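Here the structure comes first, spelled out in structure tokens, and everything after it is commentary.
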Amino acid sequence: MDFRDLNFPEGLFDMFEEQRDSISTIAFLRTLALNERFNGASTEEEFFSYLWNRKELQPMLSHISQKNISCKTKEISENARNKGNMYYRSKQIGLALLNYNISILTAPHPPFPTSDETNDLCTGQSEREPHSTVAFTEIKVGSVTEKTETNSDINAGDEHSELSNIANCRVNGVESLHEVIVMLQQTVISLRDEITLLREQVTNMSDEIVKLRDRVAIKEDQGHCTARPSVKQELFPEVEKEGVGNSEYRELALGYANRSAVLLELEQYEECIRDIDLALKFGYPKSSQEKLRNRKKKCEAALKTGPYEKLLTSRCSCREVALTNAQILGASDVVDLDFSPAKGRHLVAKTDIRPGDILMDHEALIDMSSNQVPIHCNTCMTQCYIPLPCPTCSTIFCSEACIVQGYADGHGKECFPLSQVILKNINLCLVQKLMLKTTFVKLKDLVPKLRAEAETKSPSQLGFNEDGVYDPSDYRTFYHLLTNKNNRGMDFLFQECLRAVILLKILLESERFFINEAGIPFTPSSEDLIFTGGIIFHHCLNVDTNNGIVLDLEATSGSSSFDVRKSGKVFSPIVALMNHSCYPSAMVHTCGKRVIVMATRSIKAGEEVTLSYIGDRVYRQPETERRQELLCNFFFLCHCVACEGKWSELTRVSSTRTFKCLACGGPVSLRLKACMECNLDFLKSSGENVYDLDEIGSKIGQATQSFMKITMHNPLHKMLKEDFKSLVSIIEIFDKYVYPPDEIHEAAQRRLVEWFSISSRHYIKREGF
């Protein structure tokens with residue numbers, strides 16, 4: 001039996017391919033854990049403690065180390081570049097571009113500037129706070145080695161004396177220990193200020209060097225002088241002082257230069273110029289710079305002749321909607337949170353909702369790492385065929401502006417190669433993002449309170465903060481989502497618990513999670529590790545239960561047919577409140593880091609707002625198959641209107657349209673001229689329930705003709721706002737008068753969903769890509 005058949009966490013065996021003893025140990029532990037049922041564990045911490053404390057697992061965990069792990073190696077970069085050269089010579093331009101991209105992404109890269117320097121780039125001001133960069137320093141507390149000791153001679157004087165005083169201080173109690181920590185933190189701040197001053201001096205010297213180098217270049221290159229880079233291009237000032245003779249980043253420079261040749265051939269002129277500038281910046285050989293300058297001149301000349309077709313265009317009209325629900329942030333005030341023992345927490349309509357109304361718009365946790373070679377910008381989440389690399393990890397960005405914004409948004413906290421070597425399971429990547437959004441210190445204080453809430457509060461009140469607000473950016477809303485732990489099999493629990501063990505080890509190695517209030521890493525106790533591992537295991541379970549799929553809509557240039565591709569997963573604590581229906585009333589769409597929910601049909605006040613967990617048009621599948629899928633994956637038996645009414649049988653045996661009763665919404669018998677549920681006699685109806693079959697038939701016929709006209713004459717991506725309004729009116733007519741399922745009614749709802757998704761964001765690929 002192949003060990004991969006054991007369903008262990010993805011990515012784990014990529015690191016331990018030759019560690020057969022470790023793999024056998026895991027197989028043994030799995031058998032032991034299942035036989036012992038995790039030794040009678042019931043809580044997340046007990047399950048985690050069982051695995052974490054098994055001595056058999058420790059040799060394998062010891063191999064998970066940040067040391068000697070890098071996403072940037074000369075060998076890999078050179079190999080990819082050589083493959084790109086081979087494809088380029090054989091005129092396979094697409095494959096050449098892909099391999100040059102890999103070469104750039106894996107080439108050694110200068111580090112990104114500190115947070116202070118990034119602030120300078122973004123605002124022209126430096127906002128230096130003690131916690132802004134301390135998480136990335138080499139100073140550690142406790143049993144972690146302090147690397148500053150070996151360099152103490154560099155900064156002689158007061159700082160050296162103060163460090164000596166701290167080192168010689170005798171700790172006689174908690175107060176003395178606190179004083180030592182305070183002195184250490186003050187010393188770190190003082191040293192950082194000194195480093196900042198030195199960095200500014202180096203920058204000034206660098207400017208002088210650049211001026212001298214430009215003068216020399218004018219003479220040596222016969223007037224071909226490269227202009228001083230813009231502020232955006234000065235992301236890596238330490239490369240500037242090295243000049244074009246720098247060899248440390250040779251692979252990066254060669255990757256950019258070779259990719260620029262492909263981009264010129266593909267007529268991607270602006271991107272070609274950018275790559276040429278970067279190749280020169282990172283040390284492209286001086287003897288060959290002339291050909292790059294000539295290539296740049298060709299691009300500049302081509303740009304003057306007019307626009308060119310991009311390899312990939314992201315077209316987005318997704319405007320943020322201001323929603324005003326005071327109790328559920330990021331939701332419309334037309335929805336409210338409700339609770340029942342049968343349905344749990346769920347959303348209901350406070351007032352009548354029209355098709356096309358936006359019900360939610362807020363930021364959520366999104367991960368797009370499903371591709372082996374990343375193609376989505378880490379900041380704006382758009383696809384990118386010509387990416388720029390993160391200096392440290394395998395993350396990509398679409399522009400220099402997105403690099404700066406990404407680091408300003410906290411990418412540096414989750415930017416370490418070890419997690420990207422091992423974490424190839426998207427659910428686990430979402431858990432890591434969630435854990436790194438906070439710190440251990442905050443969780444240590446908050447989670448015990450949340451556990452107490454789960455025991456004492458009504459389920460309808462869970463997730464609300466002290467002000468009675470359900471905030472999707474608040475950690476507690478994520479924590480209180482369902483885990484379905486008691487419904488899971490032991491094999492599944494073992495697999496997720498093992499993932500939690502691996503992620504905790506990664507967080508330990510990262511030195512980004514176990515940090516104190518000053519941002520300084522510390523060595524956690526055994527109790528701290530078990531506590532944290534239990535939380536990670538908890539989120540492994542509730543992310544698996546509550547995640548959604550991110551879809552990309554793509555079309556080839558000149559085509560009106562769009563392909564749908566799964567590109568990632570989303571984790572939203574508000575969307576997770578919405579229950580399933582095989583005849584849903586709303587849909588979810590993502591745009592960048594935002595998640596948007598739109599009504600797809602009319603929803604009456606008091607009616608539940610629902611989604612489909614298992615895809616589009618699912619009520620056409622047999623009820624037994626749908627119910628079995630939902631029961632196995634989500635642990636409930638579906639009683640929606642489509643399941644109870646056995647709609648799948650209706651769609652197979654009849655295409656006859658059924659009218660809807662205006663009084664109760666039930667089906668109408670045209671033969672009896674009466675409702676089959678409330679027995680309303682339409683020949684005797686009065687008031688609001690007057691039922692004129694001829695008039696209703698005429699309205700439905702006109703709506704059908706209007707829909708066919710919209711469908712036949714307007715491609716989805718070219719629909720106008722007037723068409724959207726007409727489509728909404730058509731759906732409302734069917735909602736009012738036609739009893740589902742109905743083929744035209746279903747097609748109109750699907751058209752609305754497709755139009756909204758495509759108009760929010762879609763991609764146009766150049767033919768051949």
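If you're wondering about the labels, chains in the structure tokens are A, B, ... by order shown, residues count from 1 in each chain, ligands from 1 in order shown.
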Give me, as a tab-separated table (two decimals) with all heavy atoms, in the first residue's frame, all polymer residues having an atom no more than 7 Å from segment 541-551 of chain A, counting only C-alpha atoms and skipping those fewer than 4 positions away in the same chain.
chain	number	residue	atom	x	y	z
A	427	ASN	N	-7.56	24.65	3.24
A	427	ASN	CA	-8.21	24.87	4.52
A	427	ASN	C	-7.19	25.22	5.59
A	427	ASN	O	-7.42	26.09	6.43
A	427	ASN	CB	-8.98	23.61	4.94
A	427	ASN	CG	-10.25	23.41	4.13
A	427	ASN	OD1	-10.60	24.25	3.30
A	427	ASN	ND2	-10.94	22.32	4.35
A	481	LEU	N	-18.25	29.53	15.15
A	481	LEU	CA	-18.87	28.78	14.07
A	481	LEU	C	-18.85	27.29	14.39
A	481	LEU	O	-17.99	26.80	15.11
A	481	LEU	CB	-18.15	29.04	12.75
A	481	LEU	CG	-18.21	30.48	12.23
A	481	LEU	CD1	-17.38	30.62	10.96
A	481	LEU	CD2	-19.65	30.91	11.97
A	482	LEU	N	-19.80	26.56	13.81
A	482	LEU	CA	-19.92	25.13	14.09
A	482	LEU	C	-18.69	24.35	13.64
A	482	LEU	O	-18.09	24.65	12.60
A	482	LEU	CB	-21.15	24.56	13.37
A	482	LEU	CG	-22.53	24.96	13.91
A	482	LEU	CD1	-23.61	24.37	13.02
A	482	LEU	CD2	-22.72	24.51	15.35
A	483	THR	N	-18.32	23.33	14.41
A	483	THR	CA	-17.22	22.43	14.03
A	483	THR	C	-17.71	21.06	13.61
A	483	THR	O	-17.00	20.34	12.91
A	483	THR	CB	-16.25	22.24	15.21
A	483	THR	OG1	-16.93	21.57	16.28
A	483	THR	CG2	-15.70	23.57	15.70
A	485	LYS	N	-17.78	18.55	15.38
A	485	LYS	CA	-16.81	17.59	15.92
A	485	LYS	C	-17.48	16.27	16.34
A	485	LYS	O	-16.95	15.19	16.08
A	485	LYS	CB	-16.07	18.20	17.11
A	485	LYS	CG	-15.07	17.25	17.79
A	485	LYS	CD	-14.21	17.98	18.80
A	485	LYS	CE	-15.02	18.42	20.00
A	485	LYS	NZ	-15.42	17.27	20.85
A	537	PHE	N	-6.77	23.09	16.13
A	537	PHE	CA	-7.60	21.94	15.80
A	537	PHE	C	-9.06	22.37	15.67
A	537	PHE	O	-9.79	21.93	14.77
A	537	PHE	CB	-7.43	20.87	16.87
A	537	PHE	CG	-8.20	19.60	16.63
A	537	PHE	CD1	-8.35	19.09	15.35
A	537	PHE	CD2	-8.79	18.92	17.68
A	537	PHE	CE1	-9.07	17.91	15.13
A	537	PHE	CE2	-9.49	17.76	17.48
A	537	PHE	CZ	-9.64	17.26	16.20
A	564	VAL	N	-15.75	28.65	-16.18
A	564	VAL	CA	-15.72	28.84	-14.73
A	564	VAL	C	-14.65	27.92	-14.15
A	564	VAL	O	-14.63	26.72	-14.43
A	564	VAL	CB	-17.09	28.51	-14.10
A	564	VAL	CG1	-17.04	28.70	-12.59
A	564	VAL	CG2	-18.18	29.37	-14.71
A	565	ARG	N	-13.75	28.50	-13.34
A	565	ARG	CA	-12.66	27.71	-12.77
A	565	ARG	C	-12.57	27.96	-11.27
A	565	ARG	O	-12.61	29.10	-10.81
A	565	ARG	CB	-11.33	28.09	-13.43
A	565	ARG	CG	-10.16	27.23	-13.02
A	565	ARG	CD	-8.93	27.56	-13.88
A	565	ARG	NE	-8.53	28.94	-13.71
A	565	ARG	CZ	-7.80	29.39	-12.69
A	565	ARG	NH1	-7.40	28.57	-11.74
A	565	ARG	NH2	-7.45	30.66	-12.62
A	566	LYS	N	-12.47	26.88	-10.50
A	566	LYS	CA	-12.27	27.01	-9.05
A	566	LYS	C	-10.84	27.49	-8.80
A	566	LYS	O	-9.89	26.89	-9.26
A	566	LYS	CB	-12.50	25.67	-8.36
A	566	LYS	CG	-13.93	25.16	-8.46
A	566	LYS	CD	-14.08	23.81	-7.76
A	566	LYS	CE	-15.50	23.29	-7.90
A	566	LYS	NZ	-15.67	21.96	-7.24
A	567	SER	N	-10.71	28.57	-8.04
A	567	SER	CA	-9.39	29.14	-7.85
A	567	SER	C	-8.99	29.31	-6.39
A	567	SER	O	-7.85	29.67	-6.11
A	567	SER	CB	-9.31	30.52	-8.55
A	567	SER	OG	-10.32	31.37	-8.05
A	568	GLY	N	-9.90	29.08	-5.47
A	568	GLY	CA	-9.54	29.25	-4.06
A	568	GLY	C	-10.72	29.01	-3.16
A	568	GLY	O	-11.77	28.50	-3.58
A	569	LYS	N	-10.56	29.40	-1.88
A	569	LYS	CA	-11.62	29.23	-0.89
A	569	LYS	C	-11.77	30.49	-0.07
A	569	LYS	O	-10.82	31.26	0.10
A	569	LYS	CB	-11.34	28.03	0.01
A	569	LYS	CG	-11.53	26.68	-0.69
A	569	LYS	CD	-11.50	25.52	0.29
A	569	LYS	CE	-11.77	24.20	-0.42
A	569	LYS	NZ	-11.79	23.07	0.53
A	570	VAL	N	-12.99	30.68	0.44
A	570	VAL	CA	-13.31	31.87	1.24
A	570	VAL	C	-13.91	31.40	2.56
A	570	VAL	O	-14.62	30.40	2.63
A	570	VAL	CB	-14.29	32.79	0.48
A	570	VAL	CG1	-15.57	32.06	0.10
A	570	VAL	CG2	-14.61	34.02	1.31
A	571	PHE	N	-13.59	32.15	3.62
A	571	PHE	CA	-14.07	31.83	4.97
A	571	PHE	C	-14.67	33.10	5.55
A	571	PHE	O	-13.95	34.03	5.93
A	571	PHE	CB	-12.89	31.33	5.81
A	571	PHE	CG	-13.28	30.80	7.17
A	571	PHE	CD1	-14.48	30.15	7.39
A	571	PHE	CD2	-12.41	30.95	8.24
A	571	PHE	CE1	-14.81	29.66	8.64
A	571	PHE	CE2	-12.73	30.46	9.50
A	571	PHE	CZ	-13.94	29.82	9.70
A	576	ALA	N	-21.34	32.04	6.64
A	576	ALA	CA	-21.48	30.74	7.31
A	576	ALA	C	-22.79	30.63	8.08
A	576	ALA	O	-23.22	29.52	8.41
A	576	ALA	CB	-20.30	30.52	8.27
A	590	THR	N	-17.15	36.50	-4.90
A	590	THR	CA	-16.00	37.21	-4.31
A	590	THR	C	-15.42	38.17	-5.34
A	590	THR	O	-15.42	37.90	-6.55
A	590	THR	CB	-14.90	36.24	-3.86
A	590	THR	OG1	-14.43	35.49	-4.98
A	590	THR	CG2	-15.42	35.30	-2.78
- Item | In segment 228-420 of chain A, DSSP strand (DSSP E or B) residues written as a count of residues only | 35
